[in-house]
Amino acid sequence: MRIGSAVQYDRYGDFDVVELVPQERPEAGPGEIVVEIVAAGLNHIERFLREGKLRDHIELEFPARQGVDFAGIVRARGDGVKDLRIGDEVMGHAPTGGSHATWLVVPRGAVIKKPEHVGWEVAGGLYLAGCTAVSVVRGLKLGPEDTVVITAAAGGVGHIECQLAHDAGATVIALGSPRNHDYLRQIGTLPVAYGDGEEDRIRAIADGRPITAFIDNHGESNAELLAERLGVPAGRFVSSEDRRDIEIRFLRAPAEDEETRELLTLLAKAVQDRRVQVLISGFYPFEYIVEAYEDLAEMKSRGKVVIGMQTVEKGARLDWYRSEKARDLRDRYAEERGTDTETMAGGTASPAP
Ligand SMILES: NC(=O)c1ccc[n+]([C@@H]2O[C@H](COP(=O)([O-])OP(=O)(O)OC[C@H]3O[C@@H](n4cnc5c(N)ncnc54)[C@H](OP(=O)(O)O)[C@@H]3O)[C@@H](O)[C@H]2O)c1
């Protein structure tokens with residue numbers, strides 16, 4: 001029986017409270033399945049939860065487990081689970097957390113089958129960002145007559161919202177750093193840099209079209225005022241707080257929640273059909289969970305940050321180090337620890353949390 005590990009923390013706090021604890025393969029109770037996790041997404045809101053910033057909404061019991069998104073393989077099923085087999089590939093959400101682990105027990109209703117042509121890392125990072133994006137875009141009932149402004153447009157949630165809004169026929173004005181503008185054009189949006197003068201730039205690119213909706217992912221202090229000045233009708237401004245409330249609902253959605261399953265199924269199909277292309281900004285080995293969260297916290301992601309749980313051989317890890325981001329990380333550790341970067345690239349000085 002494979003021994004694994006799980007992310008755990010026993011008090012509210014920063015990255016330093018996070019531990020990787022050993023985990024034995026659990027048993028499936030009636031109506032449950034045991035999933036061996038292959039990939040799992042990271043979300044800001046889980047960081048806020050761990051830091052105690054959501055205590056008015058969700059009170060944690062300690063020790064707490066982390067992670068809501070996941071994709072993996074069914075390894076056991078409890079009594080009453082008839083429509084999934086051992087070995088089936090699934091994706092879904094952990095209603096009480098715990099997907100940042102080797103093993104996860106969830107009620108059958110918390111998963112859908114992973115479409116064959118959706119990659120593990122995309123499936124593993126789709127749930128929370130994807131359901132939030134669909135819920136926001138659907139709520140606005142966007143159509144070809146709409147012009148919508150989306151902030152943090154290249155981020156984990158924003159890049160899915162942009163594609164869904166574009167797919168609905170809307171004109172999408174995407175706020176993001178100039179380094180993301182080529183990408184934002186590729187997904188059919190009109191990119192605009194945020195900061196001083198953004199209102200004029202939005203008007204200029206709108207070219208006389210009325211701005212009919214505004215989605216503020218980032219939580220800019222002037223976003224609501226900006227939307228008002230742009231003439232966005234009342235009720236068509238989605239604030240960062242609205243988005244947070246949607247995320248909180250999905251974070252703890254019960255397994256039997258029909259809407260959640262419907263949204264995830266719809267999204268998985270959109271990804272399979274390539275109507276939505278999910279970008280992976282960083283794909284980290286599981287033992288680099290803290291570094292993966294640090295990466296997310298920098299808020300420079302273009303797409304999702306995801307962790308992979310399967311054992312990585314030394315050779316594979318060398319490949320991983322070839323990415324620019326990973327090289328920076330390796331060099332930073334080497335500097336901090338005074339170690340030889342080649343030793344680390346060989347995997348013998350792994351900076352486990
Ligand atoms: N209200 C809440 O409770 C709540 C919950 C979750 C997330 N959020 C916030 O929503 C934003 C997007 O979330 P996400 O899950 O999609 O995270 P994400 O993937 O980390 O978002 C990264 C994106 O945020 C953008 N960004 C960073 N600083 C910005 C600024 N000053 N103004 C505008 N955009 C900025 C970046 O754009 P560029 O790289 O193009 O600069 C980057 O593409 C984040 O800022 C996050 O903190 C709020």
# chains A, B, ... in the order shown; residues from 1 in each chain; ligands from 1

call {"tool": "residues_around", "arguments": {"residues": "Gly41 of chain A", "least_positions_apart": "3", "cutoff": "7 Å", "atoms": "only C-alpha atoms", "output": "list in words"}}
result
Asp69, Phe70, Gly124, Gly125, Val305, Val306 and Ile307 of chain A

call {"tool": "residues_near_ligand", "arguments": {"ligand": "ligand 1", "cutoff": "8 Å", "atoms": "only C-alpha atoms and all ligand atoms", "output": "compact mmCIF listing (two decimals) with C-alpha atoms, in the first residue's frame"}}
result
# COMPACT_ATOMS: atom_id res chain seq x y z
CA ASN A 43 -6.23 29.30 -5.18
CA HIS A 44 -5.74 32.61 -3.33
CA ILE A 45 -8.86 31.99 -1.31
CA PHE A 48 -6.86 33.56 2.85
CA ALA A 129 -11.37 29.22 -10.88
CA THR A 151 -9.61 43.22 -14.52
CA ALA A 152 -6.74 40.80 -13.76
CA ALA A 153 -7.76 39.40 -17.12
CA ALA A 154 -4.74 37.12 -17.57
CA GLY A 155 -5.04 35.58 -14.09
CA GLY A 156 -6.40 32.18 -13.14
CA VAL A 157 -10.03 33.28 -13.07
CA GLY A 158 -9.78 36.21 -15.49
CA HIS A 159 -8.43 34.25 -18.45
CA LEU A 175 -7.05 44.86 -18.18
CA GLY A 176 -3.55 43.51 -17.72
CA SER A 177 0.17 44.30 -17.81
CA PRO A 178 1.62 44.94 -21.26
CA ARG A 179 3.60 41.67 -20.99
CA ASN A 180 0.23 39.87 -21.15
CA HIS A 181 -1.22 41.82 -24.07
CA ALA A 193 -2.89 48.46 -19.41
CA TYR A 194 -4.19 49.32 -15.94
CA GLY A 195 -3.01 52.33 -13.91
CA ASP A 216 -13.40 43.44 -11.12
CA ASN A 217 -11.34 40.40 -10.16
CA HIS A 218 -8.46 42.27 -8.62
CA GLY A 219 -10.34 44.47 -6.16
CA GLU A 220 -9.04 47.83 -7.34
CA SER A 239 -17.02 43.46 -7.48
CA SER A 240 -14.11 41.53 -6.05
CA GLU A 241 -16.25 40.95 -2.94
CA ASP A 242 -19.05 39.46 -5.09
CA ARG A 243 -16.45 37.16 -6.57
CA ARG A 244 -15.12 36.25 -3.11
CA ASP A 245 -18.64 35.27 -2.02
CA GLU A 247 -15.65 31.44 -4.37
CA LEU A 296 0.72 32.46 -6.69
CA ALA A 297 1.01 35.17 -4.04
CA GLU A 298 3.24 37.20 -6.35
CA MET A 299 0.11 37.72 -8.48
CA LYS A 300 1.96 37.54 -11.74
CA SER A 301 0.34 34.32 -12.93
CA ARG A 302 -0.83 33.99 -16.48
CA GLY A 303 -3.36 31.22 -15.91
CA LYS A 304 -3.31 28.68 -13.08
CA VAL A 305 -0.68 27.47 -10.63

call {"tool": "closest_residue", "arguments": {"among": "A:Gln272, A:Pro233, A:Val134, A:Ala227", "to": "Ile160 of chain A", "atoms": "only C-alpha atoms"}}
result
A:Val134

call {"tool": "closest_residue", "arguments": {"among": "A:Leu140, A:Leu264, A:Ile246, A:Asp182", "to": "Ile215 of chain A", "atoms": "only C-alpha atoms"}}
result
A:Leu140

call {"tool": "atom_distance", "arguments": {"atom1": "atom CA of Val90 of chain A", "atom2": "atom CA of Ala123 of chain A"}}
result
8.6 Å

call {"tool": "residues_around", "arguments": {"residues": "Ile173 of chain A", "least_positions_apart": "2", "cutoff": "9 Å", "atoms": "only C-alpha atoms", "output": "short mmCIF file (atom, residue, chain, number, x, y, z; two decimals) with C-alpha atoms, in the first residue's frame"}}
result
data_model
loop_
_atom_site.label_atom_id
_atom_site.label_comp_id
_atom_site.auth_asym_id
_atom_site.auth_seq_id
_atom_site.Cartn_x
_atom_site.Cartn_y
_atom_site.Cartn_z
CA THR A 147 -18.88 45.19 -24.11
CA VAL A 148 -17.40 43.99 -20.82
CA VAL A 149 -14.30 45.17 -18.94
CA ILE A 150 -12.44 42.43 -17.00
CA THR A 151 -9.61 43.22 -14.52
CA ALA A 153 -7.76 39.40 -17.12
CA CYS A 162 -12.39 36.38 -20.94
CA THR A 171 -16.55 42.41 -26.87
CA LEU A 175 -7.05 44.86 -18.18
CA THR A 189 -9.87 40.32 -26.19
CA LEU A 190 -8.86 43.98 -26.53
CA PRO A 191 -6.07 44.45 -23.97
CA VAL A 192 -5.60 47.65 -21.98
CA ILE A 202 -10.76 51.90 -22.15
CA ILE A 205 -10.43 50.98 -27.38
CA ALA A 206 -14.23 50.73 -26.91
#

call {"tool": "decode", "arguments": {"residues": "segment 233-281 of chain A", "atoms": "C-alpha atoms", "output": "PDB file, in the first residue's frame"}}
result
ATOM      1  CA  PRO A 233     -25.575  49.997 -15.791  1.00  0.00           C
ATOM      2  CA  ALA A 234     -26.414  49.315 -12.134  1.00  0.00           C
ATOM      3  CA  GLY A 235     -26.414  45.603 -11.402  1.00  0.00           C
ATOM      4  CA  ARG A 236     -23.817  44.841 -14.068  1.00  0.00           C
ATOM      5  CA  PHE A 237     -20.744  45.567 -11.962  1.00  0.00           C
ATOM      6  CA  VAL A 238     -19.291  42.432 -10.347  1.00  0.00           C
ATOM      7  CA  SER A 239     -17.021  43.462  -7.481  1.00  0.00           C
ATOM      8  CA  SER A 240     -14.105  41.531  -6.054  1.00  0.00           C
ATOM      9  CA  GLU A 241     -16.253  40.951  -2.939  1.00  0.00           C
ATOM     10  CA  ASP A 242     -19.052  39.460  -5.091  1.00  0.00           C
ATOM     11  CA  ARG A 243     -16.450  37.165  -6.567  1.00  0.00           C
ATOM     12  CA  ARG A 244     -15.123  36.254  -3.114  1.00  0.00           C
ATOM     13  CA  ASP A 245     -18.642  35.271  -2.023  1.00  0.00           C
ATOM     14  CA  ILE A 246     -19.018  33.074  -5.100  1.00  0.00           C
ATOM     15  CA  GLU A 247     -15.651  31.439  -4.370  1.00  0.00           C
ATOM     16  CA  ILE A 248     -16.585  30.822  -0.737  1.00  0.00           C
ATOM     17  CA  ARG A 249     -19.743  29.064  -1.861  1.00  0.00           C
ATOM     18  CA  PHE A 250     -17.801  26.792  -4.243  1.00  0.00           C
ATOM     19  CA  LEU A 251     -15.041  26.239  -1.687  1.00  0.00           C
ATOM     20  CA  ARG A 252     -17.465  24.438   0.609  1.00  0.00           C
ATOM     21  CA  ALA A 253     -20.094  23.259  -1.906  1.00  0.00           C
ATOM     22  CA  PRO A 254     -21.532  19.933  -0.733  1.00  0.00           C
ATOM     23  CA  ALA A 255     -20.863  16.935  -2.964  1.00  0.00           C
ATOM     24  CA  GLU A 256     -24.540  16.654  -3.859  1.00  0.00           C
ATOM     25  CA  ASP A 257     -24.706  20.269  -5.095  1.00  0.00           C
ATOM     26  CA  GLU A 258     -26.244  19.975  -8.559  1.00  0.00           C
ATOM     27  CA  GLU A 259     -25.130  23.398  -9.793  1.00  0.00           C
ATOM     28  CA  THR A 260     -21.497  22.635  -9.017  1.00  0.00           C
ATOM     29  CA  ARG A 261     -21.574  19.394 -10.982  1.00  0.00           C
ATOM     30  CA  GLU A 262     -23.382  21.057 -13.853  1.00  0.00           C
ATOM     31  CA  LEU A 263     -20.832  23.899 -14.053  1.00  0.00           C
ATOM     32  CA  LEU A 264     -17.827  21.582 -13.859  1.00  0.00           C
ATOM     33  CA  THR A 265     -19.295  19.286 -16.514  1.00  0.00           C
ATOM     34  CA  LEU A 266     -19.970  22.232 -18.796  1.00  0.00           C
ATOM     35  CA  LEU A 267     -16.449  23.565 -18.280  1.00  0.00           C
ATOM     36  CA  ALA A 268     -14.756  20.232 -18.848  1.00  0.00           C
ATOM     37  CA  LYS A 269     -16.639  19.957 -22.135  1.00  0.00           C
ATOM     38  CA  ALA A 270     -15.680  23.507 -23.140  1.00  0.00           C
ATOM     39  CA  VAL A 271     -12.032  22.634 -22.439  1.00  0.00           C
ATOM     40  CA  GLN A 272     -12.289  19.344 -24.335  1.00  0.00           C
ATOM     41  CA  ASP A 273     -13.847  21.201 -27.297  1.00  0.00           C
ATOM     42  CA  ARG A 274     -11.071  23.830 -27.035  1.00  0.00           C
ATOM     43  CA  ARG A 275     -13.577  26.653 -26.603  1.00  0.00           C
ATOM     44  CA  VAL A 276     -11.747  27.390 -23.346  1.00  0.00           C
ATOM     45  CA  GLN A 277      -8.000  26.875 -23.179  1.00  0.00           C
ATOM     46  CA  VAL A 278      -6.703  26.849 -19.643  1.00  0.00           C
ATOM     47  CA  LEU A 279      -3.146  28.090 -19.261  1.00  0.00           C
ATOM     48  CA  ILE A 280      -0.858  26.609 -16.650  1.00  0.00           C
ATOM     49  CA  SER A 281       1.381  29.316 -15.269  1.00  0.00           C
TER      50      SER A 281
END
